[in-house]
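Listing of entry_14.cif, mmCIF, C-alpha atoms
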data_upload
loop_
_atom_site.label_atom_id
_atom_site.label_comp_id
_atom_site.auth_asym_id
_atom_site.auth_seq_id
_atom_site.Cartn_x
_atom_site.Cartn_y
_atom_site.Cartn_z
CA MET A 1 -57.83 8.32 -38.29
CA ASN A 2 -59.81 5.33 -39.47
CA PRO A 3 -62.42 4.63 -36.77
CA THR A 4 -62.83 0.95 -37.74
CA GLU A 5 -59.33 0.17 -36.40
CA PHE A 6 -60.37 1.14 -32.90
CA ALA A 7 -62.90 -0.24 -30.44
CA ILE A 8 -63.59 3.29 -29.25
CA SER A 9 -62.72 6.42 -31.16
CA THR A 10 -63.86 9.98 -30.82
CA ASP A 11 -63.21 12.90 -33.10
CA LEU A 12 -63.03 16.44 -31.70
CA LEU A 13 -65.48 15.42 -29.01
CA THR A 14 -66.66 18.54 -27.20
CA ARG A 15 -69.27 19.23 -24.55
CA ARG A 16 -70.16 22.64 -23.20
CA PHE A 17 -72.34 23.37 -20.17
CA GLY A 18 -73.32 27.03 -20.55
CA GLN A 19 -70.06 29.01 -20.65
CA ARG A 20 -67.96 26.11 -19.41
CA THR A 21 -66.30 23.66 -21.81
CA ALA A 22 -66.13 20.38 -19.87
CA VAL A 23 -64.71 18.31 -22.73
CA ASN A 24 -62.66 20.06 -25.37
CA GLY A 25 -61.80 18.52 -28.74
CA VAL A 26 -60.99 15.06 -27.38
CA GLY A 27 -59.79 12.41 -29.85
CA LEU A 28 -59.78 9.09 -28.02
CA ALA A 29 -58.30 6.13 -29.89
CA VAL A 30 -58.71 2.92 -27.92
CA PRO A 31 -57.21 -0.05 -29.81
CA ARG A 32 -59.19 -3.29 -29.96
CA GLY A 33 -58.30 -5.60 -27.08
CA ALA A 34 -56.62 -2.83 -25.07
CA ILE A 35 -56.99 -2.22 -21.37
CA TYR A 36 -57.10 1.56 -21.50
CA GLY A 37 -56.70 3.64 -18.36
CA PHE A 38 -58.58 6.93 -18.50
CA ILE A 39 -57.01 9.23 -15.93
CA GLY A 40 -57.36 12.83 -14.80
CA LEU A 41 -58.20 14.94 -11.77
CA ASN A 42 -61.74 15.25 -10.47
CA GLY A 43 -63.56 17.63 -12.80
CA ALA A 44 -61.16 16.96 -15.71
CA GLY A 45 -64.10 15.74 -17.81
CA LYS A 46 -63.70 11.95 -17.54
CA SER A 47 -67.28 11.17 -16.52
CA THR A 48 -68.70 13.62 -19.07
CA THR A 49 -66.63 11.91 -21.78
CA ILE A 50 -67.74 8.46 -20.64
CA ARG A 51 -71.38 9.51 -20.64
CA MET A 52 -70.97 10.66 -24.24
CA LEU A 53 -69.32 7.34 -25.18
CA LEU A 54 -72.37 5.58 -23.81
CA GLY A 55 -74.82 7.87 -25.57
CA LEU A 56 -76.19 9.06 -22.22
CA LEU A 57 -75.22 12.64 -23.06
CA ALA A 58 -75.19 14.30 -26.48
CA PRO A 59 -71.94 16.02 -27.51
CA SER A 60 -72.02 19.75 -28.29
CA SER A 61 -69.89 18.81 -31.29
CA GLY A 62 -67.70 15.96 -32.48
CA SER A 63 -68.44 12.28 -32.86
CA VAL A 64 -68.16 8.91 -31.14
CA HIS A 65 -67.54 5.60 -32.92
CA LEU A 66 -67.85 2.27 -31.13
CA ASN A 67 -66.41 -0.63 -33.14
CA GLY A 68 -66.47 1.69 -36.13
CA ILE A 69 -70.17 2.51 -35.80
CA ASN A 70 -71.16 6.15 -35.31
CA ILE A 71 -73.37 6.21 -32.21
CA ALA A 72 -75.30 9.25 -33.45
CA PHE A 73 -76.41 7.40 -36.61
CA GLU A 74 -76.89 3.84 -35.35
CA PRO A 75 -77.24 4.16 -31.57
CA VAL A 76 -78.83 0.77 -30.91
CA ARG A 77 -76.34 -1.20 -33.01
CA ALA A 78 -73.35 0.78 -31.70
CA LYS A 79 -74.29 0.34 -28.06
CA SER A 80 -75.56 -3.25 -28.18
CA ARG A 81 -72.19 -4.79 -27.32
CA VAL A 82 -71.14 -2.31 -24.63
CA GLY A 83 -71.08 -3.04 -20.89
CA TYR A 84 -70.98 -0.20 -18.39
CA VAL A 85 -69.95 -0.15 -14.75
CA PRO A 86 -70.95 3.20 -13.20
CA ASP A 87 -69.12 4.81 -10.27
CA ARG A 88 -72.08 4.10 -8.00
CA PRO A 89 -74.11 0.89 -8.07
CA THR A 90 -77.37 1.59 -9.85
CA ALA A 91 -79.03 -1.65 -8.74
CA TYR A 92 -82.15 -1.00 -6.69
CA PRO A 93 -81.16 -1.20 -3.02
CA TRP A 94 -84.39 -2.85 -1.87
CA MET A 95 -84.10 -5.71 -4.36
CA ARG A 96 -82.36 -8.99 -3.79
CA VAL A 97 -79.39 -9.86 -6.01
CA GLN A 98 -81.43 -12.54 -7.80
CA GLU A 99 -84.24 -10.03 -8.53
CA VAL A 100 -81.79 -7.49 -9.98
CA ILE A 101 -80.38 -10.17 -12.26
CA GLN A 102 -83.87 -11.23 -13.42
CA PHE A 103 -84.76 -7.58 -13.99
CA CYS A 104 -81.68 -7.03 -16.18
CA GLU A 105 -82.34 -10.25 -18.05
CA GLY A 106 -85.60 -8.69 -19.23
CA VAL A 107 -83.90 -5.46 -20.31
CA PHE A 108 -80.88 -6.72 -22.27
CA PRO A 109 -81.70 -8.77 -25.38
CA ASP A 110 -78.23 -10.44 -25.44
CA TRP A 111 -78.31 -11.34 -21.74
CA SER A 112 -76.88 -14.78 -20.99
CA PRO A 113 -78.39 -16.40 -17.86
CA THR A 114 -75.62 -19.03 -17.94
CA LEU A 115 -72.93 -16.35 -17.90
CA ALA A 116 -74.72 -14.44 -15.12
CA SER A 117 -74.97 -17.50 -12.87
CA SER A 118 -71.37 -18.53 -13.48
CA LEU A 119 -70.16 -15.01 -12.59
CA LEU A 120 -72.39 -15.07 -9.50
CA LYS A 121 -70.54 -18.21 -8.34
CA LYS A 122 -67.12 -16.91 -9.36
CA TYR A 123 -67.63 -13.62 -7.48
CA ARG A 124 -69.16 -15.50 -4.51
CA ILE A 125 -72.21 -13.25 -4.32
CA ASP A 126 -75.21 -14.57 -2.36
CA PRO A 127 -78.19 -14.34 -4.76
CA ARG A 128 -80.61 -13.96 -1.83
CA ALA A 129 -78.75 -10.99 -0.30
CA LYS A 130 -80.43 -7.57 -0.32
CA VAL A 131 -78.49 -5.16 -2.56
CA SER A 132 -78.46 -2.58 0.27
CA LYS A 133 -76.74 -5.12 2.55
CA LEU A 134 -73.82 -5.89 0.18
CA SER A 135 -70.33 -4.67 1.08
CA LYS A 136 -68.92 -2.01 -1.26
CA GLY A 137 -66.59 -4.58 -2.81
CA THR A 138 -69.38 -7.05 -3.48
CA GLY A 139 -71.60 -4.23 -4.78
CA ALA A 140 -68.88 -3.32 -7.27
CA LYS A 141 -68.62 -6.95 -8.36
CA LEU A 142 -72.40 -7.09 -8.82
CA SER A 143 -72.13 -4.04 -11.10
CA LEU A 144 -69.39 -5.84 -13.03
CA LEU A 145 -71.54 -8.96 -13.29
CA LEU A 146 -74.46 -6.92 -14.65
CA ALA A 147 -72.13 -5.29 -17.19
CA LEU A 148 -70.57 -8.58 -18.34
CA SER A 149 -73.64 -10.83 -18.52
CA HIS A 150 -74.50 -9.83 -22.06
CA ASP A 151 -70.93 -10.64 -23.10
CA PRO A 152 -69.99 -7.12 -24.25
CA GLN A 153 -67.11 -6.50 -26.66
CA ILE A 154 -66.43 -3.19 -24.95
CA LEU A 155 -66.41 -2.75 -21.19
CA ILE A 156 -66.46 0.80 -19.81
CA LEU A 157 -65.85 1.39 -16.11
CA ASP A 158 -66.17 4.80 -14.46
CA GLU A 159 -64.18 4.87 -11.20
CA PRO A 160 -65.45 1.43 -10.21
CA THR A 161 -63.04 1.07 -7.27
CA ASP A 162 -63.79 4.44 -5.69
CA GLY A 163 -64.20 3.92 -1.95
CA LEU A 164 -63.12 0.25 -1.97
CA ASP A 165 -60.58 -1.03 0.56
CA PRO A 166 -57.22 -2.28 -0.82
CA ILE A 167 -58.24 -5.95 -0.81
CA ALA A 168 -61.58 -5.32 -2.52
CA ARG A 169 -59.75 -3.13 -5.06
CA ASP A 170 -57.23 -5.89 -5.74
CA GLU A 171 -60.03 -8.40 -6.24
CA PHE A 172 -61.89 -6.04 -8.53
CA PHE A 173 -58.85 -5.43 -10.74
CA GLU A 174 -58.28 -9.18 -10.89
CA GLU A 175 -61.82 -9.62 -12.23
CA VAL A 176 -61.33 -6.83 -14.76
CA LEU A 177 -58.17 -8.57 -16.00
CA ARG A 178 -60.03 -11.87 -16.12
CA ALA A 179 -62.82 -10.25 -18.14
CA SER A 180 -60.16 -9.07 -20.59
CA LEU A 181 -58.28 -12.40 -20.70
CA ASP A 182 -61.44 -14.48 -21.11
CA SER A 183 -62.61 -12.98 -24.37
CA PRO A 184 -61.42 -10.57 -27.05
CA ARG A 185 -62.72 -7.55 -25.21
CA THR A 186 -61.69 -3.92 -24.96
CA VAL A 187 -61.69 -2.30 -21.54
CA LEU A 188 -61.73 1.43 -20.75
CA ILE A 189 -61.38 2.15 -17.04
CA SER A 190 -61.17 5.44 -15.21
CA SER A 191 -59.69 5.38 -11.73
CA HIS A 192 -57.71 7.42 -9.25
CA SER A 193 -55.80 4.41 -7.97
CA LEU A 194 -52.92 4.99 -10.32
CA GLN A 195 -50.76 2.15 -9.05
CA ASP A 196 -53.50 -0.27 -10.14
CA ILE A 197 -53.84 1.57 -13.45
CA GLN A 198 -50.07 1.46 -14.03
CA ARG A 199 -50.05 -2.30 -13.53
CA ALA A 200 -53.28 -3.33 -15.21
CA THR A 201 -53.39 -1.16 -18.32
CA ASP A 202 -51.47 -1.20 -21.59
CA HIS A 203 -52.75 2.16 -22.87
CA LEU A 204 -53.52 5.47 -21.24
CA GLY A 205 -55.51 8.57 -21.94
CA PHE A 206 -54.71 11.51 -19.71
CA LEU A 207 -57.38 14.19 -19.52
CA HIS A 208 -56.64 17.60 -18.04
CA GLU A 209 -59.17 20.42 -17.96
CA GLY A 210 -61.20 18.82 -20.71
CA ARG A 211 -58.25 18.20 -23.05
CA LEU A 212 -56.45 14.97 -23.79
CA ILE A 213 -52.85 15.79 -22.88
CA TYR A 214 -51.40 12.31 -23.40
CA GLN A 215 -52.58 9.22 -25.20
CA GLY A 216 -50.46 6.18 -25.90
CA ARG A 217 -48.88 3.15 -24.33
CA THR A 218 -48.63 3.12 -20.54
CA ASP A 219 -45.01 1.92 -20.60
CA GLU A 220 -44.14 4.56 -23.17
CA LEU A 221 -45.38 7.44 -21.00
CA LEU A 222 -43.35 6.09 -18.08
CA GLY A 223 -40.35 5.25 -20.25
CA THR A 224 -40.14 8.81 -21.54
CA THR A 225 -40.95 10.74 -18.36
CA LYS A 226 -37.97 11.06 -16.00
CA ARG A 227 -36.88 13.09 -13.03
CA VAL A 228 -33.52 14.78 -13.48
CA ARG A 229 -31.84 16.00 -10.31
CA LEU A 230 -29.29 18.78 -10.52
CA LEU A 231 -27.08 20.45 -7.92
CA PRO A 232 -26.48 23.85 -9.57
CA ASP A 233 -23.22 25.65 -8.76
CA THR A 234 -25.00 28.94 -9.30
CA PRO A 235 -28.73 29.52 -8.74
CA ILE A 236 -30.86 29.05 -11.85
CA GLU A 237 -34.44 30.30 -12.27
CA ASP A 238 -37.40 28.12 -13.31
CA ALA A 239 -37.91 30.30 -16.38
CA ALA A 240 -34.33 29.70 -17.54
CA LEU A 241 -34.81 25.94 -17.23
CA ARG A 242 -38.14 26.08 -19.07
CA ARG A 243 -36.56 28.07 -21.92
CA LEU A 244 -34.17 25.17 -22.56
CA SER A 245 -36.90 22.75 -23.53
CA PRO A 246 -40.67 22.65 -23.91
CA ASP A 247 -40.48 19.20 -22.30
CA VAL A 248 -39.60 20.65 -18.90
CA SER A 249 -42.67 19.85 -16.84
CA HIS A 250 -42.60 20.16 -13.05
CA ILE A 251 -39.67 21.80 -11.23
CA ALA A 252 -39.14 20.98 -7.55
CA ARG A 253 -36.54 22.58 -5.28
CA GLU A 254 -35.13 21.37 -2.03
CA GLY A 255 -32.12 23.07 -0.50
CA ARG A 256 -29.61 23.44 -3.34
CA ALA A 257 -31.10 20.60 -5.37
CA VAL A 258 -33.35 21.22 -8.35
CA THR A 259 -35.40 18.29 -9.63
CA VAL A 260 -36.79 18.72 -13.12
CA THR A 261 -39.44 16.36 -14.48
CA LEU A 262 -38.86 15.90 -18.20
CA ARG A 263 -41.39 14.62 -20.72
CA ASN A 264 -40.07 12.95 -23.89
CA PHE A 265 -36.82 12.35 -22.07
CA SER A 266 -33.58 12.41 -24.02
CA PRO A 267 -30.04 12.32 -22.62
CA ALA A 268 -29.22 15.39 -24.73
CA VAL A 269 -31.89 17.53 -23.06
CA ALA A 270 -30.82 16.29 -19.61
CA GLU A 271 -27.24 17.21 -20.46
CA SER A 272 -28.29 20.67 -21.63
CA LEU A 273 -30.02 21.22 -18.26
CA ARG A 274 -26.88 20.07 -16.44
CA THR A 275 -24.69 22.45 -18.47
CA ALA A 276 -27.03 25.42 -17.97
CA ALA A 277 -27.21 24.79 -14.23
CA HIS A 278 -23.42 24.25 -13.95
CA SER A 279 -24.27 21.11 -12.04
CA PRO A 280 -21.42 18.67 -11.41
CA ASN A 281 -23.80 15.73 -11.19
CA LEU A 282 -26.89 14.54 -12.94
CA ASP A 283 -29.20 11.95 -11.37
CA ILE A 284 -31.83 10.45 -13.63
CA ALA A 285 -34.69 8.55 -12.00
CA ASP A 286 -37.80 6.67 -13.12
CA LEU A 287 -41.21 7.69 -11.81
CA SER A 288 -44.28 5.74 -10.83
CA LEU A 289 -47.44 6.64 -12.76
CA ASP A 290 -48.71 8.31 -9.59
CA ASP A 291 -45.68 10.65 -9.44
CA ALA A 292 -45.59 11.19 -13.21
CA PHE A 293 -49.27 12.15 -13.13
CA LYS A 294 -48.81 14.64 -10.29
CA ASP A 295 -45.68 16.20 -11.84
CA ILE A 296 -47.27 16.58 -15.27
CA VAL A 297 -50.41 18.18 -13.79
CA LYS A 298 -48.36 20.55 -11.61
CA GLY A 299 -46.11 21.31 -14.57
CA MET A 300 -49.12 22.26 -16.70
CA GLU A 301 -50.41 24.52 -13.95
CA ALA A 302 -47.00 26.19 -13.56
CA THR A 303 -46.60 26.88 -17.28
CA CYS A 304 -50.18 28.11 -17.73
CA SER A 305 -50.18 30.51 -14.79
CA MET B 1 -44.51 -13.24 -4.14
CA THR B 2 -46.02 -9.86 -4.84
CA LEU B 3 -44.79 -6.63 -6.36
CA ARG B 4 -43.49 -3.94 -4.05
CA SER B 5 -45.71 -0.91 -3.84
CA ASP B 6 -42.80 1.54 -3.44
CA SER B 7 -40.85 0.66 -6.59
CA ASN B 8 -40.41 3.17 -9.39
CA LEU B 9 -39.00 0.59 -11.80
CA PRO B 10 -41.01 -0.18 -14.93
CA VAL B 11 -43.58 -2.88 -14.10
CA PHE B 12 -42.12 -5.40 -16.59
CA GLN B 13 -38.75 -5.02 -14.81
CA GLN B 14 -40.40 -5.60 -11.44
CA VAL B 15 -42.03 -8.77 -12.76
CA ALA B 16 -38.75 -10.00 -14.28
CA ASP B 17 -36.92 -9.25 -11.00
CA LEU B 18 -39.54 -11.20 -9.08
CA ILE B 19 -38.79 -14.32 -11.16
CA ARG B 20 -34.99 -13.74 -11.07
CA HIS B 21 -35.01 -13.36 -7.31
CA GLY B 22 -37.38 -16.33 -7.04
CA ILE B 23 -34.84 -18.47 -8.90
CA SER B 24 -31.75 -17.19 -7.11
CA SER B 25 -33.41 -17.72 -3.71
CA GLY B 26 -34.58 -21.25 -4.58
CA ILE B 27 -38.34 -20.65 -4.84
CA TYR B 28 -38.08 -21.91 -8.43
CA ALA B 29 -35.48 -24.56 -9.29
CA PRO B 30 -34.16 -25.42 -12.78
CA GLY B 31 -36.83 -27.40 -14.63
CA ASP B 32 -39.71 -26.00 -12.52
CA ALA B 33 -42.69 -24.55 -14.30
CA ILE B 34 -43.28 -20.85 -13.76
CA PRO B 35 -46.83 -19.42 -13.80
CA SER B 36 -48.39 -18.90 -17.23
CA VAL B 37 -48.85 -15.36 -18.50
CA ARG B 38 -52.53 -15.64 -17.67
CA ALA B 39 -52.02 -16.97 -14.12
CA GLN B 40 -49.28 -14.45 -13.38
CA SER B 41 -51.40 -11.60 -14.76
CA LEU B 42 -54.29 -12.50 -12.46
CA LYS B 43 -52.03 -13.08 -9.47
CA LEU B 44 -50.10 -9.82 -9.73
CA LYS B 45 -52.96 -7.76 -11.27
CA VAL B 46 -50.61 -6.86 -14.09
CA ASN B 47 -51.47 -6.46 -17.76
CA PRO B 48 -50.78 -9.70 -19.69
CA ASN B 49 -48.70 -7.82 -22.29
CA THR B 50 -46.45 -6.59 -19.49
CA ILE B 51 -46.01 -10.14 -18.13
CA GLN B 52 -45.27 -11.30 -21.68
CA ARG B 53 -42.60 -8.62 -22.04
CA ALA B 54 -40.98 -9.67 -18.76
CA TYR B 55 -40.97 -13.33 -19.81
CA GLU B 56 -39.47 -12.46 -23.19
CA GLU B 57 -36.63 -10.65 -21.46
CA LEU B 58 -36.01 -13.61 -19.14
CA GLU B 59 -36.05 -15.95 -22.12
CA ARG B 60 -33.48 -13.79 -23.93
CA GLU B 61 -31.26 -13.94 -20.85
CA GLY B 62 -31.45 -17.74 -20.87
CA ILE B 63 -33.16 -17.81 -17.47
CA ILE B 64 -36.42 -19.40 -18.61
CA GLU B 65 -37.39 -21.35 -21.71
CA SER B 66 -40.72 -22.08 -23.32
CA ARG B 67 -41.75 -25.60 -24.20
CA ARG B 68 -44.20 -25.49 -27.01
CA GLY B 69 -47.74 -26.14 -25.86
CA VAL B 70 -46.70 -26.79 -22.25
CA GLY B 71 -45.57 -23.45 -20.83
CA MET B 72 -42.55 -21.67 -19.42
CA PHE B 73 -39.89 -23.40 -17.35
CA VAL B 74 -36.75 -22.39 -15.49
CA ALA B 75 -33.91 -23.25 -17.87
CA ALA B 76 -31.57 -26.06 -16.84
CA ALA B 77 -28.71 -23.55 -16.77
CA GLY B 78 -30.99 -20.70 -15.64
CA GLU B 79 -29.70 -20.29 -12.12
CA ALA B 80 -26.39 -18.61 -12.93
CA PRO B 81 -27.82 -15.88 -15.19
CA ALA B 82 -30.68 -15.34 -12.70
CA ARG B 83 -28.19 -14.82 -9.90
CA ALA B 84 -26.03 -12.60 -12.13
CA SER B 85 -28.91 -10.32 -13.08
CA ALA B 86 -30.23 -10.30 -9.52
CA THR B 87 -26.76 -9.06 -8.53
CA GLU B 88 -26.96 -6.50 -11.31
CA SER B 89 -30.29 -5.20 -10.04
CA ILE B 90 -29.08 -4.77 -6.45
CA ARG B 91 -25.92 -2.99 -7.59
CA ASP B 92 -28.05 0.07 -8.40
CA ALA B 93 -29.42 0.10 -4.88
CA PHE B 94 -25.92 -0.16 -3.40
CA GLU B 95 -24.58 2.57 -5.65
CA GLN B 96 -27.41 4.78 -4.48
CA GLY B 97 -26.42 4.06 -0.88
CA VAL B 98 -22.75 4.77 -1.58
CA ARG B 99 -23.64 8.04 -3.31
CA THR B 100 -25.70 9.07 -0.27
CA SER B 101 -22.77 8.15 1.93
CA ILE B 102 -20.28 10.18 -0.13
CA ALA B 103 -22.70 13.12 -0.30
CA ALA B 104 -23.03 13.00 3.48
CA GLY B 105 -19.24 13.09 3.77
CA LEU B 106 -18.88 9.64 5.37
CA SER B 107 -15.59 7.73 5.18
CA ARG B 108 -15.15 4.32 3.56
CA ALA B 109 -14.88 2.76 7.06
CA ALA B 110 -18.09 4.47 8.26
CA THR B 111 -19.87 3.30 5.09
CA ASP B 112 -18.66 -0.29 5.60
CA ALA B 113 -19.84 -0.19 9.22
CA ALA B 114 -23.27 1.10 8.16
CA TYR B 115 -23.47 -1.71 5.60
CA ALA B 116 -22.51 -4.33 8.20
CA ARG B 117 -25.18 -3.01 10.58
CA ALA B 118 -27.82 -3.08 7.81
CA TRP B 119 -26.86 -6.66 6.93
CA GLN B 120 -27.03 -7.69 10.60
CA SER B 121 -30.42 -6.12 11.22
CA GLN B 122 -31.93 -7.59 8.02
CA ARG B 123 -30.54 -11.09 8.73
CA SER B 124 -31.83 -11.13 12.29
CA GLY B 125 -35.13 -9.67 11.07
CA ALA B 126 -35.43 -12.45 8.48
CA LYS B 127 -34.83 -15.19 11.06
CA SER B 128 -37.20 -13.97 13.76
#
Structure encoded using structure tokens:
Amino acid sequence: MNPTEFAISTDLLTRRFGQRTAVNGVGLAVPRGAIYGFIGLNGAGKSTTIRMLLGLLAPSSGSVHLNGINIAFEPVRAKSRVGYVPDRPTAYPWMRVQEVIQFCEGVFPDWSPTLASSLLKKYRIDPRAKVSKLSKGTGAKLSLLLALSHDPQILILDEPTDGLDPIARDEFFEEVLRASLDSPRTVLISSHSLQDIQRATDHLGFLHEGRLIYQGRTDELLGTTKRVRLLPDTPIEDAALRRLSPDVSHIAREGRAVTVTLRNFSPAVAESLRTAAHSPNLDIADLSLDDAFKDIVKGMEATCS
Amino acid sequence: MTLRSDSNLPVFQQVADLIRHGISSGIYAPGDAIPSVRAQSLKLKVNPNTIQRAYEELEREGIIESRRGVGMFVAAAGEAPARASATESIRDAFEQGVRTSIAAGLSRAATDAAYARAWQSQRSGAKS
């Protein structure tokens, strides 16, 4: 993999904490200009990975390239055009919005006061408000403003909508899309609101227990993951279904019906399941990202146990 | 118009259906401008590439047309194909209903009656 083709790329990125491997051989490849959803359960290693992307945590092994620059060799240059929105606002609660902005202006060499004040107006944030008095939604927008005001080429957001109400979440995703539409920028966002991720992203990385179990286009994952519902004439065991294809993920049973979630869907595999189950009918259904995510995770747990 | 939160269809299909249904129900008339990729992306919170894909499909179906440098418009003859593909997209939902009916062992007459009741309740719901 040529790291200069990607805004963010990692090679065998690994981080151990004592005996525990939190991030295990991860090879992210985030194309330039992508809106990349970084998804996984709590504890899957998303935040640890993000902290390594930002140079806040050293990898145990492996490497990180931002815009083709190895962050271990040229940290300042690699990180200069990166904006970061943490999961919790880091702005000092006792400061006023205007003071936080002035403070950041002194810290970031590429800070644009014009950009900051235009975002302040666009997000309708009162510059005189105390940070501690902002609503969660406005606090998240302030974090976004702070991340965007040095016009970063790469924007990294770690669960920025955690704890926001549906309207604030909608508004936040709109601003993330605007940030992507307004300039040739790459966005990596981790979130548990998978309906928002399904709509807003074009690429996905799916982390499970420290490993990247899927990476590719969002529509491709959903186009190739299907639920196949069978009504077997004779009972068929999970193990027998799994033997038919390694792409059998989650298996759900209700009454006589068996619903098999298939990765890398092909009509031939679906037909082989139908034949094995002696099922007269075969219903094939699309899944939302939310359901696909849950089925794939449960499928991994079933096959590993 | 917003996307439904309970749909399992691919997002580009949902966006295309939104425009098709918008045309067949008269929200957009032939010759009307439809929102740009950018505006639609921000409105629906949907990736611009996904909106683009939906618009390309609608253009292929002759429902919308792009005028260079101006934007996307409902095609002069766009209504008929919009209505036809809107019909196509509801056929799936009906087939699902009919399958449920057959699986539950209902007769054709009982299925027709259930359909008539559903139509009645939705029409009166829409008016009130």
Proximity check chain B to chain A, 6 Å, nearest pairs one decimal Å, only C-alpha atoms, as JSON lines:
{"residue": "B:Asn8", "atom": "CA", "partner": "A:Ser288", "partner_atom": "CA", "distance": 4.9}
{"residue": "B:Leu42", "atom": "CA", "partner": "A:Glu174", "partner_atom": "CA", "distance": 5.4}
{"residue": "B:Lys45", "atom": "CA", "partner": "A:Glu174", "partner_atom": "CA", "distance": 5.5}
{"residue": "B:Val46", "atom": "CA", "partner": "A:Ala200", "partner_atom": "CA", "distance": 4.6}
{"residue": "B:Asn47", "atom": "CA", "partner": "A:Ala200", "partner_atom": "CA", "distance": 4.4}
Taking C-alpha atoms for each residue, export the selection above as a tab-separated table (two decimals), in the frame of the given file.
chain	number	residue	atom	x	y	z
B	8	ASN	CA	-40.41	3.17	-9.39
B	42	LEU	CA	-54.29	-12.50	-12.46
B	45	LYS	CA	-52.96	-7.76	-11.27
B	46	VAL	CA	-50.61	-6.86	-14.09
B	47	ASN	CA	-51.47	-6.46	-17.76
Open item on the list: Using all atoms listed in the file, which protein or nucleic acid residues come within 10 Å of segment 81-85 of chain B? Drop anything in the same chain fewer than 6 positions from it, and give the result as number ranges by chain.
Closed with: B: 16-17, 19-25, 58, 61-64, 74-75, 91
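Using all atoms listed in the file, the residues found no farther than 7 Å from Phe12 of chain B, other than those of its own chain fewer than 5 positions away, are Thr50, Ile51, Arg53 and Ala54 of chain B.
Restricting the calculation to only C-alpha atoms, the smallest distance between Asp283 of chain A and any of A:Ser112, A:Asn264, A:Ala147, A:Arg227 is found for A:Arg227.
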| query | So which residues get picked by the PyMOL selection byres ((chain A and resi 221) around 10) here, written as a PyMOL selection string? | reply | chain A and resi 203-204+214-220+222-226+263-265+289+292-293
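Once the PyMOL selection byres ((chain A and resi 128) around 9) is applied to the depicted file, the selected set reads Arg96, Val97, Gln98, Glu99, Ile125, Asp126, Pro127, Ala129 and Lys130 of chain A.
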Need the shell around Leu157 of chain A: protein/DNA/RNA residues with any atom at most 12 Å away, counting all atoms listed in the file. Skip same-chain ones fewer than 4 positions apart. Format as a ChimeraX atom specification?
/A:35-39,46-47,49-51,53-54,82-89,140-141,143-144,147-148,161-162,172-173,176,186-191
